[in-house]
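Taking it in order: structure first as structure tokens, then the write-up.
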Amino acid sequence: MLILSCPNCGELKDETELSAGGEAHLTRFGPGSSDSDFEGYLFNRENPKGVHFERWRCSSGCGKWFHAARCTATNEVFGTYSAQVTEPPQEIRDVVSAKRPGWTWRDLS
Amino acid sequence: MSERVFEGAATVRQLPQRGMITVRGDMTDLAKAVKVPAQGTVAGNVAWMSPDELLVMCPHEEVGAQIDALRAKLIGTHHLVEDVSDARAIFEISDGETLAKLCPVDVARMEPGRFRRTRLAQIACAFWKKEDGSFELVCFSSVADYAWGVLSNAAATPVAHFSG
Ligand SMILES: [Zn+2]
């Protein structure tokens, strides 16, 4: 069972109280973008075995979105952080680096 | 309204309609109108719902006056004050074991005044612990019968392995 701490309401939320929002930190490509950028925005997703960054919503709770960093292989949670950022904050990356040295995810490492 | 009582290992009571007012806005603004409780708690008649939402409870007949008073204090701020009494059902549950069967919450560790939004089986709810150790729970009135069903079923039999 995955348990995430919602940074908005401070509660420890069981996976069944949350809604998964898919991959984090996507850049939206809309009207006027190239076909390949638009296709990438719509369809291309990471599917890592290991470090992953995701969006979650505290749906049976405060209702707010947040981000989570976890390991898809072990479900170890590295941390949760604000939804209002476009990449993981340094303190989250430091935790990931300490626990998974040499990790990479998209263009992050 | 739909008041009813179930007595099993625990007692579940659907309580008469209570006045409930949703107050939303920036918490620093809301503090001008309401005594804001700490995150995850209920204090007096006000519950902390989310970083930008409070629930104010009062006798149902006082809702109109309460809303007028709240709006008057929030003039000039970006806010929402709305009567949601008709959208809510409220229950009293005599012990935490009943809730522990239905909600993914460590109910045994809840202190009086603790307010927790979660799910009750498959529906959204919020409940809090009172000084006497009993709980009050609110959910949408549209699912009141579902809440009544799962609560009274869970309250019917004791949980042997829980002690104290
Ligand atoms: Zn939350």
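A note on labels: chains of the structure tokens are A, B, ... as shown, every chain counts residues from 1, and ligands are counted from 1 in their shown order.
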
**Asked** Please, which residues of chain B lie no more than 10 Å from chain A when the count uses only C-alpha atoms, and can they be set out as a list in words?
**Response**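 Close enough to count are Gln39, Gly40, Trp48, Met49, Ser50, Pro51, Asp52, Glu53, Cys103, Pro104, Val105, Asp106, Arg116, Arg117, Thr118, Arg119, Leu120, Gln122, Ile123, Ala124, Cys125 and Ala126 of chain B.
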
**strand (DSSP E or B) call set, DSSP backbone run, stretch 31-99 of chain B, as a PyMOL selection string** = chain B and resi 41-43+46-50+53-58+79-83+88-93

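Nearest to A:Asn44 of all the residues A:Glu23, A:Gln84, A:Asp107, A:Arg70 is A:Glu23, based on only C-alpha atoms.
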
**Request:** For A:Val51, list every protein, DNA or RNA residue within 10 Å, evaluated using only C-alpha atoms, and leave out those in the same chain fewer than 6 positions away; present the list as a ChimeraX atom specification.
**Result:** /A:69-78,96-97,99-100,103-105

For B:Ala31, please output as a short mmCIF file (atom, residue, chain, number, x, y, z; two decimals) with N, CA and C atoms, in the first residue's frame all residues within 10 Å (counting only C-alpha atoms; exclusion window: fewer than 5 positions along the same chain).
data_model
loop_
_atom_site.label_atom_id
_atom_site.label_comp_id
_atom_site.auth_asym_id
_atom_site.auth_seq_id
_atom_site.Cartn_x
_atom_site.Cartn_y
_atom_site.Cartn_z
N GLY B 25 -11.51 31.11 0.85
CA GLY B 25 -10.73 32.30 0.53
C GLY B 25 -9.33 32.12 1.06
N ASP B 26 -8.55 33.17 0.99
CA ASP B 26 -7.22 33.13 1.58
C ASP B 26 -7.37 33.08 3.10
N VAL B 36 -9.81 30.88 13.03
CA VAL B 36 -9.36 29.77 12.19
C VAL B 36 -8.71 28.68 13.05
N PRO B 37 -9.23 27.46 12.98
CA PRO B 37 -8.62 26.38 13.76
C PRO B 37 -7.31 25.92 13.12
N LYS B 73 -18.05 40.78 7.21
CA LYS B 73 -16.66 40.89 7.67
C LYS B 73 -15.65 40.63 6.54
N LEU B 74 -16.12 40.05 5.45
CA LEU B 74 -15.20 39.69 4.37
C LEU B 74 -15.30 40.63 3.16
#

**Request:** Would you list the contacts of B:Tyr146 as a ChimeraX atom specification, taking every protein, DNA or RNA residue within 12 Å and counting only C-alpha atoms, but skipping same-chain residues closer than 2 positions in sequence?
**Result:** /B:89,120-125,139-144,148-153

Would you output that residue set with N, CA and C atoms, as a PDB file, in the first residue's frame?
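What landed in part.pdb:
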ATOM      1  N   ALA B  89     -25.366  15.503   5.308  1.00  0.00           N
ATOM      2  CA  ALA B  89     -25.989  14.678   6.336  1.00  0.00           C
ATOM      3  C   ALA B  89     -24.969  14.544   7.465  1.00  0.00           C
ATOM      4  N   LEU B 120     -15.447   7.099   3.436  1.00  0.00           N
ATOM      5  CA  LEU B 120     -16.191   6.144   4.256  1.00  0.00           C
ATOM      6  C   LEU B 120     -16.619   5.055   3.284  1.00  0.00           C
ATOM      7  N   ALA B 121     -15.946   3.900   3.336  1.00  0.00           N
ATOM      8  CA  ALA B 121     -16.122   2.897   2.283  1.00  0.00           C
ATOM      9  C   ALA B 121     -15.887   3.599   0.940  1.00  0.00           C
ATOM     10  N   GLN B 122     -16.944   3.838   0.142  1.00  0.00           N
ATOM     11  CA  GLN B 122     -16.689   4.408  -1.189  1.00  0.00           C
ATOM     12  C   GLN B 122     -17.115   5.861  -1.342  1.00  0.00           C
ATOM     13  N   ILE B 123     -17.470   6.527  -0.245  1.00  0.00           N
ATOM     14  CA  ILE B 123     -17.930   7.916  -0.389  1.00  0.00           C
ATOM     15  C   ILE B 123     -17.054   8.865   0.423  1.00  0.00           C
ATOM     16  N   ALA B 124     -17.038  10.112  -0.012  1.00  0.00           N
ATOM     17  CA  ALA B 124     -16.264  11.131   0.701  1.00  0.00           C
ATOM     18  C   ALA B 124     -16.947  11.468   2.023  1.00  0.00           C
ATOM     19  N   CYS B 125     -16.140  11.720   3.040  1.00  0.00           N
ATOM     20  CA  CYS B 125     -16.700  12.119   4.325  1.00  0.00           C
ATOM     21  C   CYS B 125     -15.653  12.909   5.098  1.00  0.00           C
ATOM     22  N   CYS B 139     -21.271  13.814   5.569  1.00  0.00           N
ATOM     23  CA  CYS B 139     -21.106  13.378   4.179  1.00  0.00           C
ATOM     24  C   CYS B 139     -22.173  14.093   3.362  1.00  0.00           C
ATOM     25  N   PHE B 140     -22.169  13.871   2.068  1.00  0.00           N
ATOM     26  CA  PHE B 140     -23.200  14.484   1.232  1.00  0.00           C
ATOM     27  C   PHE B 140     -24.553  13.837   1.525  1.00  0.00           C
ATOM     28  N   SER B 141     -25.595  14.657   1.551  1.00  0.00           N
ATOM     29  CA  SER B 141     -26.932  14.120   1.841  1.00  0.00           C
ATOM     30  C   SER B 141     -27.382  13.164   0.743  1.00  0.00           C
ATOM     31  N   SER B 142     -26.841  13.332  -0.463  1.00  0.00           N
ATOM     32  CA  SER B 142     -27.230  12.429  -1.560  1.00  0.00           C
ATOM     33  C   SER B 142     -26.807  10.991  -1.296  1.00  0.00           C
ATOM     34  N   VAL B 143     -25.810  10.802  -0.414  1.00  0.00           N
ATOM     35  CA  VAL B 143     -25.349   9.446  -0.107  1.00  0.00           C
ATOM     36  C   VAL B 143     -25.596   9.091   1.357  1.00  0.00           C
ATOM     37  N   ALA B 144     -26.545   9.791   1.980  1.00  0.00           N
ATOM     38  CA  ALA B 144     -26.816   9.565   3.406  1.00  0.00           C
ATOM     39  C   ALA B 144     -27.261   8.130   3.681  1.00  0.00           C
ATOM     40  N   TRP B 148     -25.473   5.536   6.110  1.00  0.00           N
ATOM     41  CA  TRP B 148     -26.243   4.881   7.161  1.00  0.00           C
ATOM     42  C   TRP B 148     -26.070   3.358   7.075  1.00  0.00           C
ATOM     43  N   GLY B 149     -26.149   2.829   5.872  1.00  0.00           N
ATOM     44  CA  GLY B 149     -26.025   1.385   5.681  1.00  0.00           C
ATOM     45  C   GLY B 149     -24.679   0.850   6.120  1.00  0.00           C
ATOM     46  N   VAL B 150     -23.596   1.473   5.665  1.00  0.00           N
ATOM     47  CA  VAL B 150     -22.274   0.937   6.018  1.00  0.00           C
ATOM     48  C   VAL B 150     -21.958   1.179   7.495  1.00  0.00           C
ATOM     49  N   LEU B 151     -22.392   2.317   8.029  1.00  0.00           N
ATOM     50  CA  LEU B 151     -22.115   2.607   9.438  1.00  0.00           C
ATOM     51  C   LEU B 151     -22.857   1.631  10.356  1.00  0.00           C
ATOM     52  N   SER B 152     -24.126   1.421  10.079  1.00  0.00           N
ATOM     53  CA  SER B 152     -24.879   0.542  10.978  1.00  0.00           C
ATOM     54  C   SER B 152     -24.412  -0.908  10.823  1.00  0.00           C
ATOM     55  N   ASN B 153     -24.001  -1.291   9.620  1.00  0.00           N
ATOM     56  CA  ASN B 153     -23.444  -2.634   9.437  1.00  0.00           C
ATOM     57  C   ASN B 153     -22.147  -2.799  10.225  1.00  0.00           C
TER      58      ASN B 153
END

**Message:** Here is a test: counting only C-alpha atoms, which residue of A:Gly22, A:Pro89, A:Pro31, A:Gly102 is nearest to A:Phe43?
**Reply:**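 Residue with the minimum atom-to-atom distance to A:Phe43: A:Gly22.
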
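Using only C-alpha atoms, the smallest distance between any of A:Arg57, A:Ile3, A:Arg45, A:Ala68 and A:Ser19 comes from A:Arg57.
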
Would you list the contacts of stretch 58-70 of chain B as an mmCIF file with all heavy atoms, in the first residue's frame, taking every protein, DNA or RNA residue within 6 Å and counting only C-alpha atoms, but skipping same-chain residues closer than 2 positions in sequence?
data_model
loop_
_atom_site.group_PDB
_atom_site.id
_atom_site.type_symbol
_atom_site.label_atom_id
_atom_site.label_comp_id
_atom_site.auth_asym_id
_atom_site.auth_seq_id
_atom_site.Cartn_x
_atom_site.Cartn_y
_atom_site.Cartn_z
ATOM 1 N N ARG B 18 -28.139 20.171 10.487
ATOM 2 C CA ARG B 18 -27.380 21.208 11.173
ATOM 3 C C ARG B 18 -27.019 22.286 10.150
ATOM 4 O O ARG B 18 -26.838 21.991 8.972
ATOM 5 C CB ARG B 18 -26.101 20.594 11.747
ATOM 6 C CG ARG B 18 -25.306 21.547 12.633
ATOM 7 C CD ARG B 18 -24.118 20.854 13.271
ATOM 8 N NE ARG B 18 -24.529 19.766 14.173
ATOM 9 C CZ ARG B 18 -23.659 18.987 14.808
ATOM 10 N NH1 ARG B 18 -22.371 19.157 14.661
ATOM 11 N NH2 ARG B 18 -24.087 18.023 15.601
ATOM 12 N N GLY B 19 -26.903 23.508 10.613
ATOM 13 C CA GLY B 19 -26.479 24.574 9.713
ATOM 14 C C GLY B 19 -25.015 24.391 9.356
ATOM 15 O O GLY B 19 -24.175 24.228 10.241
ATOM 16 N N ALA B 33 -12.907 37.057 9.766
ATOM 17 C CA ALA B 33 -14.313 36.750 10.033
ATOM 18 C C ALA B 33 -14.503 35.571 10.981
ATOM 19 O O ALA B 33 -15.516 35.471 11.651
ATOM 20 C CB ALA B 33 -15.031 36.459 8.716
ATOM 21 N N ALA B 72 -20.331 40.227 5.773
ATOM 22 C CA ALA B 72 -20.047 41.618 6.139
ATOM 23 C C ALA B 72 -18.586 41.792 6.530
ATOM 24 O O ALA B 72 -17.950 42.791 6.199
ATOM 25 C CB ALA B 72 -20.964 42.044 7.286
ATOM 26 N N LYS B 73 -18.049 40.781 7.215
ATOM 27 C CA LYS B 73 -16.660 40.893 7.670
ATOM 28 C C LYS B 73 -15.654 40.632 6.544
ATOM 29 O O LYS B 73 -14.475 40.944 6.690
ATOM 30 C CB LYS B 73 -16.399 39.894 8.804
ATOM 31 C CG LYS B 73 -17.085 40.283 10.101
ATOM 32 C CD LYS B 73 -16.840 39.222 11.165
ATOM 33 C CE LYS B 73 -17.671 39.493 12.408
ATOM 34 N NZ LYS B 73 -17.894 38.273 13.187
#

**Message:** If you run DSSP on the backbone here, which positions in stretch 21-135 of chain B get alpha helix (DSSP H)? Please write them as a PyMOL selection string.
**Reply:** chain B and resi 27-30+63-73+96-100
